[in-house]
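Source file: structure_0.cif. Holds: mmCIF, C-alpha atoms and all ligand atoms.
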```cif
data_coords
#
loop_
_atom_site.label_atom_id
_atom_site.label_comp_id
_atom_site.auth_asym_id
_atom_site.auth_seq_id
_atom_site.Cartn_x
_atom_site.Cartn_y
_atom_site.Cartn_z
CA MET A 1 -77.16 -191.06 144.44
CA LYS A 2 -74.23 -193.13 143.22
CA VAL A 3 -74.01 -196.33 145.24
CA LEU A 4 -71.07 -198.72 145.35
CA ILE A 5 -72.11 -202.24 146.31
CA THR A 6 -69.33 -204.71 147.04
CA GLY A 7 -70.01 -208.47 146.82
CA VAL A 8 -72.60 -207.85 144.12
CA ALA A 9 -72.39 -211.40 142.70
CA GLY A 10 -73.20 -212.71 146.18
CA PHE A 11 -76.61 -213.65 147.52
CA ILE A 12 -77.48 -210.45 149.39
CA GLY A 13 -75.61 -208.10 147.01
CA PHE A 14 -77.55 -209.53 144.08
CA HIS A 15 -80.97 -209.02 145.68
CA LEU A 16 -80.13 -205.57 147.01
CA SER A 17 -78.79 -204.45 143.62
CA GLN A 18 -81.89 -205.70 141.79
CA HIS A 19 -84.09 -203.79 144.20
CA LEU A 20 -82.11 -200.56 143.95
CA LEU A 21 -81.88 -200.79 140.16
CA ARG A 22 -85.68 -200.98 140.03
CA LYS A 23 -85.69 -197.76 142.02
CA ASN A 24 -83.34 -196.17 139.46
CA PHE A 25 -80.27 -195.88 141.63
CA ASP A 26 -76.97 -195.47 139.84
CA ILE A 27 -75.04 -198.59 140.92
CA ILE A 28 -71.45 -199.70 140.61
CA GLY A 29 -71.04 -203.32 141.61
CA ILE A 30 -67.78 -205.08 142.39
CA ASP A 31 -66.94 -208.69 143.22
CA ASN A 32 -63.95 -210.97 142.71
CA VAL A 33 -66.35 -213.81 141.78
CA ASN A 34 -64.36 -216.36 143.78
CA ASP A 35 -65.13 -220.07 143.73
CA TYR A 36 -66.04 -220.51 147.40
CA TYR A 37 -69.32 -221.96 146.09
CA ASP A 38 -70.99 -222.82 142.76
CA LEU A 39 -69.71 -220.27 140.25
CA ASN A 40 -72.68 -220.98 138.02
CA LEU A 41 -74.88 -219.38 140.66
CA LYS A 42 -72.74 -216.24 140.89
CA ASN A 43 -72.45 -215.93 137.10
CA ASN A 44 -76.20 -216.30 136.67
CA ARG A 45 -76.86 -213.59 139.25
CA LEU A 46 -74.42 -211.33 137.37
CA LYS A 47 -76.13 -212.13 134.07
CA ILE A 48 -79.46 -210.98 135.47
CA LEU A 49 -77.94 -207.82 136.92
CA ASN A 50 -76.24 -207.11 133.62
CA GLN A 51 -79.61 -207.07 131.88
CA ASP A 52 -80.61 -204.44 134.43
CA ASN A 53 -77.67 -202.24 133.38
CA ILE A 54 -75.49 -202.33 136.44
CA TYR A 55 -71.91 -201.17 135.99
CA PHE A 56 -69.91 -204.22 137.11
CA LYS A 57 -66.18 -204.56 137.68
CA LYS A 58 -64.36 -207.70 138.77
CA ILE A 59 -62.05 -206.52 141.55
CA ASN A 60 -60.58 -208.08 144.66
CA ILE A 61 -61.14 -205.73 147.60
CA ALA A 62 -57.77 -206.80 148.99
CA ASP A 63 -56.15 -205.07 146.00
CA LYS A 64 -55.58 -201.58 147.41
CA THR A 65 -54.44 -200.01 144.14
CA LYS A 66 -57.47 -201.24 142.16
CA ILE A 67 -59.87 -200.17 144.90
CA GLU A 68 -58.34 -196.68 145.04
CA GLU A 69 -58.55 -196.36 141.26
CA LEU A 70 -62.21 -197.34 141.36
CA PHE A 71 -63.11 -194.82 144.07
CA ASN A 72 -61.11 -192.12 142.31
CA VAL A 73 -62.94 -192.63 139.02
CA GLU A 74 -66.44 -193.43 140.30
CA ARG A 75 -66.70 -191.23 143.42
CA PRO A 76 -69.63 -193.05 145.06
CA SER A 77 -71.57 -191.15 147.71
CA LEU A 78 -72.82 -194.25 149.50
CA VAL A 79 -70.93 -197.53 149.94
CA ILE A 80 -72.73 -200.75 150.90
CA HIS A 81 -69.95 -203.17 151.70
CA LEU A 82 -71.11 -206.79 151.53
CA ALA A 83 -68.05 -208.53 150.04
CA ALA A 84 -66.50 -210.88 152.55
CA GLN A 85 -65.44 -214.43 153.07
CA ALA A 86 -68.59 -215.79 154.65
CA GLY A 87 -69.16 -219.05 156.51
CA VAL A 88 -68.25 -220.21 159.97
CA ARG A 89 -67.14 -223.77 159.22
CA TYR A 90 -64.86 -222.78 156.33
CA SER A 91 -62.98 -220.41 158.67
CA ILE A 92 -61.59 -223.33 160.67
CA ASN A 93 -59.46 -224.65 157.78
CA ASN A 94 -59.05 -221.47 155.73
CA PRO A 95 -58.22 -218.70 158.19
CA ASN A 96 -56.18 -216.67 155.71
CA GLU A 97 -59.19 -215.99 153.48
CA TYR A 98 -60.85 -214.20 156.40
CA ILE A 99 -57.84 -212.02 157.11
CA THR A 100 -57.36 -211.10 153.44
CA SER A 101 -60.98 -210.36 152.50
CA ASN A 102 -62.57 -209.40 155.80
CA ILE A 103 -59.76 -207.51 157.49
CA VAL A 104 -57.43 -206.21 154.73
CA GLY A 105 -60.32 -205.80 152.26
CA PHE A 106 -62.44 -203.95 154.80
CA GLN A 107 -59.53 -201.65 155.63
CA ASN A 108 -59.07 -200.78 151.95
CA ILE A 109 -62.77 -199.95 151.61
CA ILE A 110 -63.01 -197.77 154.72
CA GLU A 111 -59.76 -195.94 153.89
CA CYS A 112 -61.14 -195.02 150.48
CA CYS A 113 -64.45 -193.95 152.03
CA CYS A 114 -62.50 -191.33 154.01
CA LYS A 115 -60.10 -190.38 151.25
CA PHE A 116 -62.84 -189.87 148.67
CA ASN A 117 -65.41 -188.26 150.99
CA VAL A 118 -68.08 -190.94 150.94
CA ASN A 119 -71.19 -189.74 152.83
CA HIS A 120 -72.06 -193.03 154.46
CA LEU A 121 -70.51 -196.50 154.75
CA MET A 122 -72.88 -199.37 155.43
CA TYR A 123 -71.26 -202.75 155.95
CA ALA A 124 -72.32 -206.32 156.67
CA SER A 125 -71.54 -207.47 160.16
CA SER A 126 -73.08 -210.65 161.54
CA SER A 127 -74.93 -212.31 164.39
CA SER A 128 -71.60 -214.14 164.84
CA VAL A 129 -70.29 -211.13 166.79
CA TYR A 130 -72.44 -212.38 169.70
CA GLY A 131 -70.29 -215.53 169.73
CA LEU A 132 -70.48 -217.46 172.97
CA ASN A 133 -73.00 -215.13 174.64
CA ASP A 134 -75.76 -217.21 176.19
CA LYS A 135 -78.26 -214.46 177.02
CA THR A 136 -80.92 -214.34 174.31
CA PRO A 137 -82.33 -212.57 172.44
CA PHE A 138 -79.08 -210.90 171.38
CA SER A 139 -79.26 -207.15 171.84
CA GLU A 140 -76.99 -204.43 170.48
CA ASN A 141 -76.41 -203.46 174.13
CA ASP A 142 -74.81 -206.83 174.91
CA MET A 143 -71.05 -207.12 174.97
CA THR A 144 -69.52 -208.87 171.97
CA ASP A 145 -66.06 -209.82 173.20
CA ASN A 146 -66.34 -213.60 172.85
CA PRO A 147 -66.38 -214.55 169.15
CA ALA A 148 -66.61 -218.34 168.74
CA ASN A 149 -64.62 -218.40 165.48
CA LEU A 150 -62.43 -216.31 163.19
CA TYR A 151 -65.38 -215.30 161.01
CA GLY A 152 -67.08 -213.72 164.06
CA ALA A 153 -63.78 -212.15 165.11
CA SER A 154 -63.34 -210.61 161.64
CA LYS A 155 -66.83 -209.08 161.76
CA LYS A 156 -66.30 -207.76 165.27
CA SER A 157 -63.02 -206.26 164.09
CA ASN A 158 -64.92 -204.50 161.25
CA GLU A 159 -67.21 -202.90 163.81
CA LEU A 160 -64.24 -201.71 165.89
CA VAL A 161 -62.38 -200.32 162.86
CA ALA A 162 -65.58 -198.62 161.67
CA PHE A 163 -66.08 -197.02 165.08
CA SER A 164 -62.52 -195.71 165.16
CA TYR A 165 -62.78 -194.24 161.64
CA SER A 166 -66.12 -192.66 162.51
CA ASN A 167 -64.47 -191.13 165.54
CA LEU A 168 -61.33 -189.94 163.78
CA TYR A 169 -62.79 -188.72 160.50
CA SER A 170 -66.52 -188.26 161.27
CA LEU A 171 -67.33 -190.91 158.65
CA PRO A 172 -70.93 -192.08 159.27
CA THR A 173 -70.90 -195.89 159.47
CA THR A 174 -73.75 -198.37 159.88
CA GLY A 175 -72.99 -202.00 160.76
CA LEU A 176 -75.63 -204.55 159.74
CA ARG A 177 -75.66 -207.52 162.11
CA LEU A 178 -77.36 -210.01 159.84
CA PHE A 179 -79.00 -213.18 161.17
CA THR A 180 -79.05 -216.29 158.88
CA VAL A 181 -80.36 -214.74 155.69
CA TYR A 182 -82.15 -217.16 153.33
CA GLY A 183 -84.27 -217.13 150.19
CA PRO A 184 -84.17 -217.72 146.42
CA TRP A 185 -80.66 -217.53 144.94
CA GLY A 186 -79.30 -218.36 148.42
CA ARG A 187 -75.93 -219.73 149.40
CA PRO A 188 -75.08 -223.42 148.80
CA ASP A 189 -72.85 -223.55 151.90
CA MET A 190 -75.75 -222.85 154.26
CA ALA A 191 -77.81 -225.53 156.06
CA TYR A 192 -81.18 -224.67 154.49
CA PHE A 193 -79.65 -225.07 151.01
CA LYS A 194 -77.80 -228.32 151.79
CA PHE A 195 -80.85 -229.81 153.54
CA THR A 196 -83.13 -228.99 150.61
CA LYS A 197 -80.66 -230.42 148.09
CA ASN A 198 -80.05 -233.64 150.02
CA ILE A 199 -83.68 -234.23 150.92
CA ILE A 200 -84.70 -233.82 147.27
CA GLU A 201 -81.86 -236.13 146.16
CA GLY A 202 -82.67 -238.71 148.88
CA LYS A 203 -79.27 -238.24 150.54
CA PRO A 204 -78.65 -237.98 154.32
CA ILE A 205 -78.47 -234.61 156.06
CA SER A 206 -76.13 -233.80 158.94
CA LEU A 207 -77.75 -232.38 162.06
CA TYR A 208 -74.96 -230.98 164.17
CA GLY A 209 -75.27 -230.47 167.91
CA ASN A 210 -77.38 -233.67 167.70
CA GLY A 211 -80.11 -231.49 166.22
CA ASN A 212 -80.28 -229.34 169.33
CA MET A 213 -79.74 -225.97 167.66
CA TYR A 214 -81.77 -222.86 166.99
CA ARG A 215 -81.39 -220.25 164.27
CA ASP A 216 -83.07 -216.92 163.67
CA PHE A 217 -83.87 -217.11 159.93
CA THR A 218 -84.33 -213.82 158.09
CA TYR A 219 -85.98 -213.76 154.70
CA ILE A 220 -83.96 -211.93 152.04
CA ASP A 221 -86.72 -209.41 151.20
CA ASP A 222 -86.86 -208.32 154.84
CA VAL A 223 -83.10 -207.76 154.78
CA VAL A 224 -83.26 -205.75 151.56
CA ASN A 225 -86.11 -203.71 152.99
CA ALA A 226 -84.13 -202.93 156.18
CA ILE A 227 -80.96 -201.99 154.27
CA THR A 228 -82.92 -199.76 151.88
CA LYS A 229 -84.52 -197.89 154.76
CA LEU A 230 -81.20 -197.54 156.59
CA MET A 231 -79.63 -195.99 153.49
CA ASN A 232 -81.63 -192.87 154.27
CA ILE A 233 -80.47 -192.66 157.87
CA ARG A 234 -76.91 -191.53 158.29
CA PRO A 235 -75.69 -191.85 161.87
CA LYS A 236 -75.07 -188.35 163.20
CA LYS A 237 -72.96 -186.96 166.00
CA ASN A 238 -75.06 -185.99 168.96
CA LYS A 239 -73.11 -183.23 170.69
CA ASN A 240 -75.36 -183.31 173.76
CA GLN A 241 -74.66 -186.93 174.59
CA LYS A 242 -71.07 -187.85 175.27
CA MET A 243 -71.61 -191.49 174.31
CA ASN A 244 -73.17 -190.56 170.97
CA GLN A 245 -70.52 -188.25 169.64
CA VAL A 246 -69.29 -190.80 167.17
CA PRO A 247 -71.48 -191.28 164.05
CA ALA A 248 -71.27 -195.08 164.18
CA GLU A 249 -74.21 -197.42 164.65
CA VAL A 250 -74.85 -201.17 164.55
CA TYR A 251 -78.26 -202.81 164.09
CA ASN A 252 -79.51 -206.36 164.40
CA ILE A 253 -81.37 -207.44 161.26
CA GLY A 254 -83.21 -210.63 162.11
CA ASN A 255 -86.64 -212.18 162.22
CA SER A 256 -86.58 -212.30 166.02
CA ASN A 257 -87.73 -215.89 166.14
CA ALA A 258 -85.37 -218.72 167.07
CA VAL A 259 -86.37 -221.78 165.02
CA PHE A 260 -85.51 -225.28 166.28
CA LEU A 261 -83.47 -227.17 163.68
CA GLU A 262 -85.84 -230.18 163.60
CA ASP A 263 -88.85 -227.89 163.00
CA PHE A 264 -87.07 -226.31 160.12
CA VAL A 265 -86.23 -229.72 158.59
CA LYS A 266 -89.91 -230.66 158.97
CA ILE A 267 -90.96 -227.67 156.84
CA ILE A 268 -88.58 -228.76 154.06
CA GLU A 269 -89.94 -232.32 154.32
CA ASP A 270 -93.51 -231.01 154.00
CA VAL A 271 -92.73 -228.77 151.04
CA THR A 272 -90.71 -231.37 149.14
CA GLY A 273 -93.01 -234.25 150.13
CA LYS A 274 -89.92 -236.31 151.06
CA LYS A 275 -88.60 -237.64 154.37
CA ALA A 276 -85.14 -236.57 155.48
CA ILE A 277 -82.52 -239.19 156.30
CA LYS A 278 -81.01 -237.67 159.42
CA ASN A 279 -77.45 -238.11 160.67
CA TYR A 280 -77.12 -236.79 164.22
CA LEU A 281 -73.61 -235.46 164.82
CA PRO A 282 -71.88 -233.61 167.65
CA MET A 283 -71.52 -229.82 167.63
CA GLN A 284 -68.87 -228.67 165.17
CA MET A 285 -65.88 -226.60 166.25
CA GLY A 286 -66.68 -222.89 166.38
CA ASP A 287 -70.44 -223.39 166.05
CA ILE A 288 -73.07 -221.56 168.08
CA TYR A 289 -76.00 -223.27 169.79
CA LYS A 290 -78.60 -220.55 169.30
CA THR A 291 -79.03 -217.25 167.49
CA PHE A 292 -81.97 -215.01 168.26
CA ALA A 293 -82.19 -211.30 167.42
CA ASP A 294 -83.67 -208.55 169.53
CA ILE A 295 -84.82 -206.17 166.78
CA ASN A 296 -86.27 -203.38 168.93
CA LYS A 297 -83.53 -200.92 167.99
CA LEU A 298 -84.32 -201.29 164.30
CA HIS A 299 -88.04 -201.34 164.94
CA ASN A 300 -87.83 -198.07 166.89
CA LEU A 301 -85.75 -196.44 164.17
CA ILE A 302 -87.47 -197.51 160.94
CA ASN A 303 -90.53 -199.37 162.18
CA PHE A 304 -88.88 -202.60 160.99
CA LYS A 305 -91.21 -205.59 161.09
CA PRO A 306 -90.12 -208.75 159.28
CA VAL A 307 -92.84 -209.77 156.84
CA LYS A 308 -92.01 -213.41 156.13
CA ASN A 309 -91.62 -216.19 158.65
CA ILE A 310 -89.94 -219.49 157.86
CA ASN A 311 -93.25 -221.23 156.98
CA GLU A 312 -93.77 -218.75 154.15
CA GLY A 313 -90.14 -218.15 153.20
CA LEU A 314 -88.78 -221.70 152.97
CA PRO A 315 -91.33 -222.84 150.35
CA LEU A 316 -90.25 -219.89 148.20
CA PHE A 317 -86.65 -221.02 148.48
CA VAL A 318 -87.55 -224.64 147.64
CA ASP A 319 -89.57 -223.47 144.59
CA TRP A 320 -86.61 -221.47 143.35
CA TYR A 321 -84.21 -224.37 144.04
CA ARG A 322 -86.34 -226.75 141.99
CA SER A 323 -86.62 -224.42 139.04
CA PHE A 324 -82.94 -223.39 139.05
CA TYR A 325 -81.51 -226.90 139.41
CA LYS A 326 -84.35 -228.50 137.42
N1 LIG B 401 -76.21 -214.72 154.28
C1 LIG B 401 -76.17 -214.66 155.62
O1 LIG B 401 -76.87 -215.40 156.30
C2 LIG B 401 -75.26 -213.69 156.31
C3 LIG B 401 -75.34 -213.61 157.71
C4 LIG B 401 -74.50 -212.72 158.37
C5 LIG B 401 -73.64 -211.91 157.67
N2 LIG B 401 -73.57 -212.01 156.32
C6 LIG B 401 -72.63 -211.15 155.60
O2 LIG B 401 -73.31 -210.49 154.54
C7 LIG B 401 -72.44 -210.31 153.43
C8 LIG B 401 -73.03 -210.91 152.18
O3 LIG B 401 -73.29 -212.28 152.42
P1 LIG B 401 -73.86 -213.27 151.33
O4 LIG B 401 -74.68 -214.26 152.05
O5 LIG B 401 -74.40 -212.50 150.20
O6 LIG B 401 -72.51 -214.01 150.92
P2 LIG B 401 -71.94 -214.36 149.48
O7 LIG B 401 -70.75 -215.22 149.71
O8 LIG B 401 -73.03 -214.91 148.63
O9 LIG B 401 -71.51 -212.96 148.90
C9 LIG B 401 -70.25 -212.37 149.16
C10 LIG B 401 -69.65 -211.98 147.81
O10 LIG B 401 -68.42 -211.32 148.09
C11 LIG B 401 -67.48 -211.74 147.12
N3 LIG B 401 -66.14 -211.61 147.71
C12 LIG B 401 -65.60 -212.36 148.70
N4 LIG B 401 -64.33 -211.98 148.92
C13 LIG B 401 -64.08 -210.95 148.06
C14 LIG B 401 -62.94 -210.15 147.81
N5 LIG B 401 -61.78 -210.34 148.46
N6 LIG B 401 -63.03 -209.19 146.86
C15 LIG B 401 -64.18 -209.00 146.16
N7 LIG B 401 -65.29 -209.74 146.35
C16 LIG B 401 -65.22 -210.72 147.30
C17 LIG B 401 -67.82 -213.18 146.81
O11 LIG B 401 -67.38 -213.58 145.51
C18 LIG B 401 -69.35 -213.17 146.93
O12 LIG B 401 -69.96 -213.02 145.66
C19 LIG B 401 -71.11 -210.92 153.84
O13 LIG B 401 -70.30 -209.91 154.38
C20 LIG B 401 -71.50 -211.90 154.93
O14 LIG B 401 -70.43 -212.14 155.83
C21 LIG B 401 -74.37 -212.87 155.62
#
```

If you took the structure in this file and wrote it as structure tokens, what would it be?
Amino acid sequence: MKVLITGVAGFIGFHLSQHLLRKNFDIIGIDNVNDYYDLNLKNNRLKILNQDNIYFKKINIADKTKIEELFNVERPSLVIHLAAQAGVRYSINNPNEYITSNIVGFQNIIECCCKFNVNHLMYASSSSVYGLNDKTPFSENDMTDNPANLYGASKKSNELVAFSYSNLYSLPTTGLRLFTVYGPWGRPDMAYFKFTKNIIEGKPISLYGNGNMYRDFTYIDDVVNAITKLMNIRPKKNKNQKMNQVPAEVYNIGNSNAVFLEDFVKIIEDVTGKKAIKNYLPMQMGDIYKTFADINKLHNLINFKPVKNINEGLPLFVDWYRSFYK
């Protein structure tokens, strides 16, 4: 199976590619290697993938001509679309990045999936689609009409566009609603990374919402495991059920455990052996108080059970952080 993975220099794309390469998949990886965060990290991930013989091309998904050329030449049968402008806080001051990469870029990818007869499009959505919902845990059956920020709105829009393409062209699409993914080689813009860095360096950390926040942290290996299993399950039309005539699905991928921010800081303190200097600050614009995934749908489909909780996963991240940044 020839698999196109977009956002391959990114955190999740890197881990997924490594895993699939070990299983001898034929992978084409694309990324525009932008400087949203430490380029050294992205380049090092690419260096490792290069040793594993991935075919990598530096392309911006917003460039329709280049994307069409790539699909025309490579003819992937499965597309795992992870490239996007991530981050909630960055979306407040940089809205255009989200329209260009997440809306225009997504459109280019899904158009090519139809034009070049891709068998299955899997794409990263986000827990952010649940936005201002206050009923937890978040279930795929809940409505998702209240995104709290443009990032969430862009991911919700991806799900709507995917549904319409699945309906019009019978393209099987699977949306992956990811919940705070963390682990070695993780993203420097995320709280667990910043907290670890600052605690190690003896600098203050910012606890927004005055520390009264909860996040459902999902270890990277659990995410890779879920995506790998979902690759084998193409949503199908079910002619007997009116509601299921469109081959489009979305799944929560989370740990299903909402961790209190202070508890999570305590684990980093214990692992690093250093006390955090805490700055309590009000909730930031566009932020969400709590994320918490109901993962029954995924469990019923692929028997998904997250293997690592935060007590096991965070030390692995801190170990990696220390060795990478010496
Ligand atoms: N990590 C999480 O906690 C999390 C949670 C929910 C959803 N997601 C989604 O999962 C996907 C992967 O996330 P990640 O954590 O690996 O993020 P990441 O930023 O590490 O990876 C995204 C990659 O996409 C690339 N990219 C961005 N815009 C591009 C463009 N226009 N053209 C080509 N490449 C482009 C970036 O250079 C980056 O390497 C994203 O779609 C993200 O929104 C991640």

Protein and nucleic residues near ligand LIG 401 (chain B), 8 Å, all atoms listed in the file, as JSON, numbers by chain: {"A": [6, 7, 8, 9, 10, 11, 12, 13, 14, 30, 31, 32, 33, 34, 35, 36, 37, 42, 58, 59, 60, 61, 62, 81, 82, 83, 84, 85, 86, 87, 97, 100, 101, 102, 105, 123, 124, 125, 126, 127, 128, 151, 155, 176, 177, 178, 179, 180, 181, 182, 186, 187, 190, 218]}

Between CA of Val259 in chain A and CA of Pro282 in chain A - distance in Å to one decimal: 18.9 Å

For CA of Asp222 in chain A and CA of Ser139 in chain A, the interatomic separation in Å (one decimal):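 Pair CA of Asp222 in chain A / CA of Ser139 in chain A returns 18.7 Å.
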
Which residues, protein or nucleic acid, reach to within 7 Å of (-70.0, -219.1, 164.3) in the file's coordinates when using only C-alpha atoms, and can you give that as a PyMOL selection string? chain A and resi 88+128+131+148-149+151-152+286-288

Selection above as a file: C-alpha atoms, as a JSON list (two decimals), in the coordinates of the input:
```
[["chain", "number", "residue", "atom", "x", "y", "z"],
["A", 88, "VAL", "CA", -68.25, -220.21, 159.97],
["A", 128, "SER", "CA", -71.60, -214.14, 164.84],
["A", 131, "GLY", "CA", -70.29, -215.53, 169.73],
["A", 148, "ALA", "CA", -66.61, -218.34, 168.74],
["A", 149, "ASN", "CA", -64.62, -218.40, 165.48],
["A", 151, "TYR", "CA", -65.38, -215.30, 161.01],
["A", 152, "GLY", "CA", -67.08, -213.72, 164.06],
["A", 286, "GLY", "CA", -66.68, -222.89, 166.38],
["A", 287, "ASP", "CA", -70.44, -223.39, 166.05],
["A", 288, "ILE", "CA", -73.07, -221.56, 168.08]]
```

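Reported to one decimal place, the separation of CA of Phe304 in chain A from CA of Asn146 in chain A is 27.7 Å.
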
Leaving out range 15-26 of chain A and any residue of its chain fewer than 6 positions from it, which residues lie within 12 Å of it when counting all atoms listed in the file, given as an MDAnalysis selection string? chainID A and resid 1:9 42 45:56 74:82 181:186 219:229 231

Neighbours of Val129 in chain A within 6 Å (all atoms listed in the file; same-chain residues fewer than 4 positions away dropped), as a list in words? Thr144, Pro147, Gly152 and Lys156 of chain A

If you count only C-alpha atoms, which residues fall within 12 Å of Tyr192 in chain A, apart from same-chain ones fewer than 3 positions away, as a PyMOL selection string? chain A and resi 180-189+195-199+205-207+215+217-219+261-269+310+313-315+317-318+321

Those residues with C-alpha atoms, as a CSV table (one decimal), in the coordinates of the input please?
```
chain,number,residue,atom,x,y,z
A,180,THR,CA,-79.0,-216.3,158.9
A,181,VAL,CA,-80.4,-214.7,155.7
A,182,TYR,CA,-82.2,-217.2,153.3
A,183,GLY,CA,-84.3,-217.1,150.2
A,184,PRO,CA,-84.2,-217.7,146.4
A,185,TRP,CA,-80.7,-217.5,144.9
A,186,GLY,CA,-79.3,-218.4,148.4
A,187,ARG,CA,-75.9,-219.7,149.4
A,188,PRO,CA,-75.1,-223.4,148.8
A,189,ASP,CA,-72.8,-223.6,151.9
A,195,PHE,CA,-80.8,-229.8,153.5
A,196,THR,CA,-83.1,-229.0,150.6
A,197,LYS,CA,-80.7,-230.4,148.1
A,198,ASN,CA,-80.0,-233.6,150.0
A,199,ILE,CA,-83.7,-234.2,150.9
A,205,ILE,CA,-78.5,-234.6,156.1
A,206,SER,CA,-76.1,-233.8,158.9
A,207,LEU,CA,-77.8,-232.4,162.1
A,215,ARG,CA,-81.4,-220.2,164.3
A,217,PHE,CA,-83.9,-217.1,159.9
A,218,THR,CA,-84.3,-213.8,158.1
A,219,TYR,CA,-86.0,-213.8,154.7
A,261,LEU,CA,-83.5,-227.2,163.7
A,262,GLU,CA,-85.8,-230.2,163.6
A,263,ASP,CA,-88.8,-227.9,163.0
A,264,PHE,CA,-87.1,-226.3,160.1
A,265,VAL,CA,-86.2,-229.7,158.6
A,266,LYS,CA,-89.9,-230.7,159.0
A,267,ILE,CA,-91.0,-227.7,156.8
A,268,ILE,CA,-88.6,-228.8,154.1
A,269,GLU,CA,-89.9,-232.3,154.3
A,310,ILE,CA,-89.9,-219.5,157.9
A,313,GLY,CA,-90.1,-218.2,153.2
A,314,LEU,CA,-88.8,-221.7,153.0
A,315,PRO,CA,-91.3,-222.8,150.4
A,317,PHE,CA,-86.6,-221.0,148.5
A,318,VAL,CA,-87.6,-224.6,147.6
A,321,TYR,CA,-84.2,-224.4,144.0
```

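Using only C-alpha atoms, every residue with an atom at most 8 Å from the point (-77.9, -201.2, 164.1) is listed here: Glu140, Thr174, Gly175, Leu176, Arg177, Glu249, Val250, Tyr251, Asn252, Ile253, Lys297 and Leu298 of chain A.
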
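Residues lying within 10 Å of Met283 in chain A, counting all atoms listed in the file and ignoring same-chain neighbours fewer than 4 positions away, are Leu207, Tyr208, Gly209, Asn210, Gly211, Asn212, Met213, Asp287, Ile288 and Tyr289 of chain A.
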
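Candidate residues A:Met143, A:Lys66, A:Tyr325, A:Val73 were compared for distance to Phe193 in chain A, and the nearest is A:Tyr325, using all atoms listed in the file.
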
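The nearest approach to Leu132 in chain A among the residues A:Val118, A:Ile109, A:Leu39, A:Ala153, with all atoms listed in the file taken into account, belongs to A:Ala153.
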
Of A:Leu150, A:Cys113, A:Leu121, A:Met285, the one sitting nearest Pro95 in chain A when using only C-alpha atoms is A:Leu150

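The smallest atom-to-atom distance between Asn279 in chain A and any of A:Lys305, A:Phe71, A:Arg89, A:Lys203, using only C-alpha atoms, is found for A:Lys203.
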
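Distance check against Leu230 in chain A using all atoms listed in the file: of A:Met122, A:Cys114, A:Ile103, A:Leu70, the minimum falls on A:Met122.
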
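Of the listed residues (A:Tyr98, A:Asp145, A:Tyr169, A:Arg322), A:Tyr169 comes nearest to Lys115 in chain A; the distances count only C-alpha atoms.
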
Box dimensions and centre (Å, one decimal) enclosing range 162-170 of chain A, axis-aligned, 3 Å extra per side, as AutoDock Vina command-line options:
```
--center_x -63.9 --center_y -193.4 --center_z 163.0 --size_x 11.2 --size_y 16.4 --size_z 11.0
```
